[in-house]
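Asker: Sharing a structure with you now.
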Amino acid sequence: MRLALFAAILAACSASAQGQATQGSLPGQQPGRQQVVQPSPPPGAAGKAPPGAAGQPPGAATQPQTPPTAATTITLADALQRARVYGQQFLSADIAASLAREDRVQAKAALLPSVNALNQYLYTQGNGTPSGVFVANDGVHVYNEQAVVHADVFSVTKRAEYQRAQAAEAAAGARRDVAARGLTATVVQDYYVLVTVQRRLVNAQRSMVEAGQFLDITQKQEKGGEVAHADVIKARLQYQQRQRDLMDAQTNTEKARLALGVLLFSDLGQQFDVIDDLRPDAPLPSLAEIHTKALADSPDVRATEAGVRQAEYGVKAARGAYYPSLSVDYFFGIDANVFGTRGPDGRKNLGSMAQGTLNVPVWSWGSLHSKVKQAELQKRQAEFELTFARRQLESNVSGFYLEAQAARAQLDSLHGSADLAAESLRLTVLRYESGEATALEVADAQSTVAQARNAYDDGLARYRVALANLEILTGRL
């Protein structure tokens, strides 16, 4: 009966191994989203049900199962589009750009003539004279109904303020693009972390199946008197370690899913799958091409360049306070003691008036000079930031390109190591079955192949993230 039981366990392990192979656990294969699975019991423990029905504590009532919601399958492009809907930093930068646009509209409006309607009634206490108590009011009753047109004919400061508002709008728009690229980098990182841990989950499942098969071999050989019980203990320890590795892989997968989901969905419980697009043959553009595109369209550089222009117009606005300013006002309506177009004696009340104001600065106790000096210092600071932004961009391009080159160069070696480790495990198991290898050698071969598979998947993710960083710098992503 025990022989039949061992045969059934071996058949189950073989079927599980075939199932894992079809899920793309080999190096370079692209697995989809893996369901969280519970570690199966080790061979020899079949038929031992956990306490309670379906793994519940004894006495626990069976709850009706809620049908799971359909999972949404998303690509990297879908993830980036969704992130812009919920990305807090990007939304804040977008609002800041909108505020800067309104500042520019208001600064432009300040240069144009304005029209206002003046509606005023003045009552003065009477004292028996036509003007009343207050002579300046020209009467007990005074009515003002006028259209007032105001225009600043000449103002260096206001014109410079408008130009500075234009530069500030450009800088805010560039900072919005910077925030968008930062959000893109975060989504790319979290996306490929999830892809990588899903691959690690597949590898952990496969490693546990291999450990279970070896445990079954040692138990059979111990029964036949071919090996000592120490080999069974070693194999069981190895199997238990693979169970723990699988649990860790399941936990890491769900954590990575939560980290990405919070950027993409309003509901953290939303189920979704990601497309595994890790490929070792993804092309790497030339450094010169990347460098040219990155310098041509860098929001960091554009933001600092706009900041320099903003500071330049700030200096111009501060210096504009040294010059005279001219404004013109035109009034049309009535300013009379009777509310009407004509007075009691038939005189015309409706008329117009124009006035011009020339403001000439004379003395300010050095405050104007201080404002000019302050604006010049801000300009120098902006120029320093521009120089640093350009140098930082060149450094990022070179650094990301070196990272991509190194990751790409290691892919063939990592793939070869994974193949060699798999072949070494197969041969070591055969040698063990023929009595030429020890259980320790098999356990070491199993650990080596597990590490090699994970290392190859990590190398693929490293190369893809490095490529994505270059695409972000060039504006392609």
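Ordering of the structure tokens sets the chain letters (A, B, ...); residue numbers start at 1 within each chain; ligands are numbered from 1 in the order shown.
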Please produce, as CSV, a per-residue contact table for stretch 103-208 of chain A versus stretch 309-327 of chain A (criterion: any atom at most 7 Å away, only C-alpha atoms considered), showing the nearest atom pair and its distance in Å to one decimal, sorted by chain then residue number.
Answerer:
residue,atom,partner,partner_atom,distance
A:Ala151,CA,A:Ser327,CA,5.7
A:Asp152,CA,A:Ser327,CA,4.2
A:Val153,CA,A:Ser327,CA,5.3
A:Phe154,CA,A:Leu326,CA,5.0
A:Ser155,CA,A:Ser325,CA,4.9
A:Val156,CA,A:Gly320,CA,4.8
A:Thr157,CA,A:Ala317,CA,4.4
A:Ala160,CA,A:Ala317,CA,4.9
A:Glu161,CA,A:Ala317,CA,6.1
A:Gln163,CA,A:Tyr313,CA,6.4
A:Arg164,CA,A:Gln310,CA,4.8
A:Ala167,CA,A:Gln310,CA,5.0
A:Ala168,CA,A:Gln310,CA,6.0
Asker: If we count only C-alpha atoms and set the cut-off at 8 Å, which residues sit around stretch 143-147 of chain A, ignoring sequence neighbours fewer than 6 positions away in its own chain? Please answer as a PyMOL selection string.
Answerer: chain A and resi 115-122+331-339
Asker: What's the 8 Å shell around stretch 232-245 of chain A, counting only C-alpha atoms, without same-chain residues fewer than 3 positions away, as number ranges by chain?
Answerer: A: 39, 42, 204, 207-208, 211-212, 214-215, 218-219, 222, 228-229, 248-249, 439-440, 443
Asker: Using only C-alpha atoms, please write the residues we just selected to a file, as an mmCIF file, in the first residue's frame.
Answerer:
data_model
loop_
_atom_site.group_PDB
_atom_site.id
_atom_site.type_symbol
_atom_site.label_atom_id
_atom_site.label_comp_id
_atom_site.auth_asym_id
_atom_site.auth_seq_id
_atom_site.Cartn_x
_atom_site.Cartn_y
_atom_site.Cartn_z
ATOM 1 C CA PRO A 39 2.574 25.261 -0.662
ATOM 2 C CA PRO A 42 5.682 17.220 1.258
ATOM 3 C CA ALA A 204 9.885 29.240 -6.579
ATOM 4 C CA SER A 207 12.030 24.748 -7.332
ATOM 5 C CA MET A 208 9.549 23.353 -4.798
ATOM 6 C CA ALA A 211 12.686 19.525 -4.170
ATOM 7 C CA GLY A 212 9.580 17.355 -3.752
ATOM 8 C CA PHE A 214 14.158 14.634 -4.782
ATOM 9 C CA LEU A 215 12.511 13.999 -1.412
ATOM 10 C CA THR A 218 15.425 9.654 -1.104
ATOM 11 C CA GLN A 219 12.438 8.070 0.608
ATOM 12 C CA GLU A 222 15.913 4.618 2.018
ATOM 13 C CA ALA A 228 20.850 6.471 5.016
ATOM 14 C CA HIS A 229 18.005 8.291 6.751
ATOM 15 C CA ASP A 248 8.069 34.817 0.439
ATOM 16 C CA ALA A 249 7.583 35.020 -3.326
ATOM 17 C CA ALA A 439 22.327 14.405 -1.038
ATOM 18 C CA LEU A 440 24.354 17.500 -0.181
ATOM 19 C CA ALA A 443 20.743 20.214 -2.525
#
Asker: My list of candidates is A:Thr196, A:Ser424, A:Thr184, A:Gln221. Which is closest to A:Asp277 when distances are computed with only C-alpha atoms?
Answerer: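 Distance minimum relative to A:Asp277 lands on A:Thr196.
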Asker: Hey, which of A:Val105, A:Ala165, A:Val142, A:Ala421 ends up closest to A:Ser447? Count only C-alpha atoms.
Answerer: A:Ala421
Asker: What's the separation between atom CA of A:Ala172 and atom CA of A:Ala97, in Å to one decimal place?
Answerer: 4.7 Å
Asker: Looking at only C-alpha atoms, which of A:Val328, A:Leu393, A:Leu477, A:Ala109 is the one that sits closest to A:Val149?
Answerer: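 When distances to A:Val149 are compared using only C-alpha atoms, the smallest one comes from A:Val328.
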Asker: Do a neighbour search on A:Leu278 at 7 Å with only C-alpha atoms, toss out local chain neighbours closer than 3 positions, and write the hits as a list in words.
Answerer: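 The contact residues come out as Leu460, Ala461 and Arg464 of chain A.
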Asker: Keeping C-alpha atoms, export the residues of the selection given above as a short mmCIF file (atom, residue, chain, number, x, y, z; two decimals), in the first residue's frame.
Answerer:
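out-v4.cif, written as the output of this step:
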data_model
loop_
_atom_site.label_atom_id
_atom_site.label_comp_id
_atom_site.auth_asym_id
_atom_site.auth_seq_id
_atom_site.Cartn_x
_atom_site.Cartn_y
_atom_site.Cartn_z
CA LEU A 460 16.25 41.13 -17.94
CA ALA A 461 14.47 43.59 -15.65
CA ARG A 464 14.53 46.91 -19.50
#
Asker: So what do you get for atom CA of A:Asp276 versus atom CA of A:Ile290, distance-wise?
Answerer: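 Spanning atom CA of A:Asp276 to atom CA of A:Ile290 is a straight-line distance of 25.2 Å.
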Asker: For stretch 79-93 of chain A, find every residue with an atom within 12 Å (counting only C-alpha atoms), except residues of its own chain fewer than 3 positions away, and show them as a ChimeraX atom specification.
Answerer: /A:72-76,96-100,169,171-192,260-267,272-275,472,477
Asker: Write to file, as a CSV table (one decimal), in the first residue's frame, the residues of the selection just made, with N, CA and C atoms.
Answerer:
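Contents of selection.csv, freshly written:
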chain,number,residue,atom,x,y,z
A,72,THR,N,-8.1,43.2,-14.7
A,72,THR,CA,-7.8,44.1,-15.8
A,72,THR,C,-6.4,43.9,-16.2
A,73,THR,N,-6.2,43.6,-17.5
A,73,THR,CA,-4.9,43.4,-18.0
A,73,THR,C,-4.4,44.7,-18.6
A,74,ILE,N,-3.2,45.2,-18.1
A,74,ILE,CA,-2.7,46.5,-18.5
A,74,ILE,C,-1.2,46.3,-19.0
A,75,THR,N,-0.9,47.1,-20.0
A,75,THR,CA,0.5,47.2,-20.5
A,75,THR,C,1.2,48.4,-19.8
A,76,LEU,N,2.4,48.5,-20.1
A,76,LEU,CA,3.2,49.7,-19.5
A,76,LEU,C,2.6,51.0,-20.0
A,96,ALA,N,-0.3,74.0,-10.8
A,96,ALA,CA,0.7,75.2,-10.8
A,96,ALA,C,0.8,75.8,-12.2
A,97,ALA,N,0.9,75.0,-13.2
A,97,ALA,CA,1.0,75.5,-14.6
A,97,ALA,C,-0.3,76.3,-14.9
A,98,SER,N,-1.4,75.8,-14.5
A,98,SER,CA,-2.7,76.6,-14.8
A,98,SER,C,-2.7,77.9,-14.0
A,99,LEU,N,-2.2,77.9,-12.8
A,99,LEU,CA,-2.1,79.2,-12.1
A,99,LEU,C,-1.1,80.2,-12.7
A,100,ALA,N,0.0,79.7,-13.2
A,100,ALA,CA,0.9,80.5,-13.9
A,100,ALA,C,0.3,81.1,-15.2
A,169,GLU,N,5.2,81.2,-16.8
A,169,GLU,CA,4.3,80.2,-17.4
A,169,GLU,C,5.0,79.1,-18.1
A,171,ALA,N,8.1,78.2,-17.4
A,171,ALA,CA,8.8,77.4,-16.4
A,171,ALA,C,7.8,76.5,-15.7
A,172,ALA,N,6.6,76.9,-15.4
A,172,ALA,CA,5.7,76.1,-14.8
A,172,ALA,C,5.3,74.9,-15.7
A,173,GLY,N,5.1,75.2,-17.0
A,173,GLY,CA,4.8,74.1,-17.9
A,173,GLY,C,6.0,73.1,-18.0
A,174,ALA,N,7.2,73.6,-18.0
A,174,ALA,CA,8.3,72.6,-18.0
A,174,ALA,C,8.4,71.8,-16.7
A,175,ARG,N,8.1,72.5,-15.6
A,175,ARG,CA,8.1,71.7,-14.3
A,175,ARG,C,7.0,70.7,-14.3
A,176,ARG,N,5.9,70.9,-15.0
A,176,ARG,CA,4.8,69.9,-15.1
A,176,ARG,C,5.4,68.7,-15.9
A,177,ASP,N,6.1,69.0,-16.9
A,177,ASP,CA,6.8,67.9,-17.7
A,177,ASP,C,7.8,67.1,-16.9
A,178,VAL,N,8.5,67.9,-16.0
A,178,VAL,CA,9.4,67.2,-15.1
A,178,VAL,C,8.7,66.3,-14.2
A,179,ALA,N,7.6,66.7,-13.6
A,179,ALA,CA,6.8,65.9,-12.7
A,179,ALA,C,6.2,64.7,-13.5
A,180,ALA,N,5.8,64.9,-14.7
A,180,ALA,CA,5.3,63.8,-15.5
A,180,ALA,C,6.4,62.7,-15.7
A,181,ARG,N,7.6,63.2,-16.0
A,181,ARG,CA,8.7,62.2,-16.2
A,181,ARG,C,9.1,61.5,-14.9
A,182,GLY,N,9.0,62.2,-13.8
A,182,GLY,CA,9.3,61.6,-12.5
A,182,GLY,C,8.2,60.5,-12.2
A,183,LEU,N,7.0,60.8,-12.5
A,183,LEU,CA,5.9,59.8,-12.3
A,183,LEU,C,6.1,58.6,-13.2
A,184,THR,N,6.5,58.9,-14.5
A,184,THR,CA,6.8,57.8,-15.4
A,184,THR,C,7.9,56.9,-14.9
A,185,ALA,N,9.0,57.5,-14.3
A,185,ALA,CA,10.1,56.7,-13.8
A,185,ALA,C,9.6,55.8,-12.6
A,186,THR,N,8.7,56.4,-11.8
A,186,THR,CA,8.2,55.6,-10.7
A,186,THR,C,7.3,54.4,-11.1
A,187,VAL,N,6.5,54.7,-12.1
A,187,VAL,CA,5.6,53.6,-12.6
A,187,VAL,C,6.4,52.6,-13.3
A,188,VAL,N,7.4,52.9,-14.1
A,188,VAL,CA,8.2,52.0,-14.8
A,188,VAL,C,8.9,51.1,-13.7
A,189,GLN,N,9.5,51.7,-12.7
A,189,GLN,CA,10.2,50.9,-11.7
A,189,GLN,C,9.2,49.9,-11.0
A,190,ASP,N,8.1,50.4,-10.6
A,190,ASP,CA,7.1,49.5,-9.9
A,190,ASP,C,6.5,48.5,-10.8
A,191,TYR,N,6.4,48.8,-12.1
A,191,TYR,CA,5.8,47.9,-13.1
A,191,TYR,C,6.8,46.7,-13.2
A,192,TYR,N,8.0,47.0,-13.4
A,192,TYR,CA,9.0,45.9,-13.6
A,192,TYR,C,9.4,45.1,-12.4
A,260,LEU,N,2.1,49.1,-7.0
A,260,LEU,CA,1.7,49.6,-8.4
A,260,LEU,C,0.3,50.0,-8.4
A,261,GLY,N,-0.6,49.3,-7.8
A,261,GLY,CA,-2.0,49.5,-7.8
A,261,GLY,C,-2.4,50.9,-7.2
A,262,VAL,N,-1.7,51.3,-6.2
A,262,VAL,CA,-2.0,52.6,-5.6
A,262,VAL,C,-1.7,53.8,-6.5
A,263,LEU,N,-0.9,53.6,-7.5
A,263,LEU,CA,-0.6,54.6,-8.5
A,263,LEU,C,-1.6,54.6,-9.7
A,264,LEU,N,-2.3,53.4,-9.9
A,264,LEU,CA,-3.1,53.3,-11.1
A,264,LEU,C,-4.6,53.3,-10.8
A,265,PHE,N,-5.0,52.9,-9.6
A,265,PHE,CA,-6.5,52.7,-9.4
A,265,PHE,C,-6.9,53.5,-8.2
A,266,SER,N,-8.1,53.9,-8.2
A,266,SER,CA,-8.7,54.5,-7.0
A,266,SER,C,-9.1,53.5,-5.9
A,267,ASP,N,-9.3,52.2,-6.4
A,267,ASP,CA,-9.7,51.1,-5.5
A,267,ASP,C,-8.5,50.2,-5.3
A,272,PHE,N,-5.7,43.2,-11.2
A,272,PHE,CA,-5.2,43.5,-12.5
A,272,PHE,C,-4.0,42.6,-12.8
A,273,ASP,N,-3.7,42.4,-14.1
A,273,ASP,CA,-2.6,41.7,-14.6
A,273,ASP,C,-1.7,42.6,-15.3
A,274,VAL,N,-0.4,42.4,-15.4
A,274,VAL,CA,0.5,43.2,-16.1
A,274,VAL,C,1.1,42.3,-17.2
A,275,ILE,N,1.4,42.9,-18.4
A,275,ILE,CA,2.0,42.2,-19.5
A,275,ILE,C,3.5,42.1,-19.3
A,472,ILE,N,12.9,57.8,-21.2
A,472,ILE,CA,12.3,58.9,-20.5
A,472,ILE,C,13.1,60.2,-20.7
A,477,LEU,N,9.1,58.1,-23.8
A,477,LEU,CA,8.3,57.3,-22.9
A,477,LEU,C,7.6,58.4,-21.9
Asker: Find the spatial neighbours of A:Arg390, counting only C-alpha atoms, within a cut-off of 12 Å - ignore same-chain residues fewer than 4 positions away - and output them as a list in words.
Answerer: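 Final neighbour list, sorted by chain and number: His291, Ala294, Leu295, Ala296, Asp297, Ser298, Pro299, Asp300, Val301, Arg302, Ala303, Thr304, Glu305, Glu383, Phe384, Glu385, Leu386, Glu394, Ser395, Asn396 and Val397 of chain A.
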Asker: Could those selected residues go to a file with N, CA and C atoms, as a short mmCIF file (atom, residue, chain, number, x, y, z; two decimals), in the first residue's frame?
Answerer:
data_model
loop_
_atom_site.label_atom_id
_atom_site.label_comp_id
_atom_site.auth_asym_id
_atom_site.auth_seq_id
_atom_site.Cartn_x
_atom_site.Cartn_y
_atom_site.Cartn_z
N HIS A 291 21.97 61.19 -26.71
CA HIS A 291 22.47 62.46 -26.19
C HIS A 291 21.82 63.62 -26.93
N ALA A 294 18.08 63.88 -25.95
CA ALA A 294 17.90 64.30 -24.55
C ALA A 294 18.15 65.79 -24.38
N LEU A 295 19.17 66.32 -25.04
CA LEU A 295 19.45 67.75 -24.93
C LEU A 295 18.41 68.60 -25.66
N ALA A 296 17.82 68.03 -26.73
CA ALA A 296 16.85 68.79 -27.50
C ALA A 296 15.53 68.97 -26.77
N ASP A 297 15.16 68.03 -25.93
CA ASP A 297 13.85 68.11 -25.27
C ASP A 297 13.99 67.63 -23.82
N SER A 298 14.61 68.44 -23.01
CA SER A 298 14.75 68.13 -21.59
C SER A 298 13.91 69.13 -20.79
N PRO A 299 12.88 68.68 -20.09
CA PRO A 299 12.08 69.62 -19.31
C PRO A 299 12.87 70.27 -18.18
N ASP A 300 13.86 69.56 -17.65
CA ASP A 300 14.69 70.17 -16.59
C ASP A 300 15.45 71.38 -17.13
N VAL A 301 16.04 71.21 -18.33
CA VAL A 301 16.78 72.32 -18.92
C VAL A 301 15.82 73.44 -19.33
N ARG A 302 14.66 73.07 -19.90
CA ARG A 302 13.69 74.09 -20.29
C ARG A 302 13.18 74.87 -19.09
N ALA A 303 12.99 74.19 -17.97
CA ALA A 303 12.51 74.87 -16.76
C ALA A 303 13.55 75.87 -16.26
N THR A 304 14.82 75.48 -16.25
CA THR A 304 15.86 76.39 -15.78
C THR A 304 16.10 77.52 -16.77
N GLU A 305 15.98 77.24 -18.09
CA GLU A 305 16.11 78.32 -19.07
C GLU A 305 14.99 79.35 -18.91
N GLU A 383 21.11 81.35 -13.40
CA GLU A 383 22.14 80.93 -14.36
C GLU A 383 22.95 79.76 -13.82
N PHE A 384 23.25 79.76 -12.52
CA PHE A 384 23.95 78.62 -11.92
C PHE A 384 23.10 77.35 -12.03
N GLU A 385 21.80 77.48 -11.78
CA GLU A 385 20.92 76.32 -11.86
C GLU A 385 20.83 75.77 -13.28
N LEU A 386 20.87 76.66 -14.27
CA LEU A 386 20.85 76.21 -15.67
C LEU A 386 22.11 75.43 -16.01
N GLU A 394 23.68 65.55 -18.86
CA GLU A 394 24.74 64.79 -19.52
C GLU A 394 25.21 63.62 -18.66
N SER A 395 25.28 63.84 -17.35
CA SER A 395 25.68 62.77 -16.44
C SER A 395 24.64 61.65 -16.43
N ASN A 396 23.36 62.01 -16.42
CA ASN A 396 22.31 60.98 -16.41
C ASN A 396 22.31 60.17 -17.69
N VAL A 397 22.49 60.85 -18.82
CA VAL A 397 22.52 60.12 -20.09
C VAL A 397 23.66 59.12 -20.11
#
Asker: What lies within 12 Å of A:Thr251 using only C-alpha atoms, ignoring chain neighbours under 2 positions off, as number ranges by chain?
Answerer: A: 35-38, 194, 197-198, 200-201, 244-249, 253-258
Asker: List every residue of stretch 170-360 of chain A that DSSP, applied to the backbone of this structure, places in strand (DSSP E or B), and write the result as a PyMOL selection string.
Answerer: chain A and resi 272-274+325-336+342+348+351-359
Asker: For the residues selected in the previous step, produce a file with C-alpha atoms as a compact mmCIF listing (two decimals), in the first residue's frame.
Answerer:
# COMPACT_ATOMS: atom_id res chain seq x y z
CA PHE A 272 -5.16 43.50 -12.50
CA ASP A 273 -2.57 41.68 -14.55
CA VAL A 274 0.53 43.17 -16.14
CA SER A 325 5.25 106.34 -15.85
CA LEU A 326 2.35 107.93 -17.71
CA SER A 327 -1.31 107.06 -17.30
CA VAL A 328 -4.45 108.54 -18.84
CA ASP A 329 -8.01 108.57 -17.42
CA TYR A 330 -11.18 109.51 -19.28
CA PHE A 331 -14.51 110.16 -17.51
CA PHE A 332 -17.92 110.38 -19.18
CA GLY A 333 -21.21 110.86 -17.32
CA ILE A 334 -22.70 113.20 -14.72
CA ASP A 335 -21.28 114.79 -11.58
CA ALA A 336 -24.07 117.09 -10.46
CA ARG A 342 -29.88 118.54 -17.23
CA LYS A 348 -26.28 120.29 -19.31
CA GLY A 351 -20.27 115.55 -20.19
CA SER A 352 -16.71 114.20 -20.22
CA MET A 353 -13.30 114.88 -18.74
CA ALA A 354 -9.78 113.61 -19.40
CA GLN A 355 -6.70 113.71 -17.23
CA GLY A 356 -3.13 112.59 -17.61
CA THR A 357 -0.80 111.61 -14.76
CA LEU A 358 2.98 111.57 -15.04
CA ASN A 359 4.67 109.89 -12.09
Asker: Which distance in Å separates atom CA of A:Asn469 and atom CA of A:Gly399, to one decimal?
Answerer: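 Between atom CA of A:Asn469 and atom CA of A:Gly399 the gap works out to 10.1 Å.
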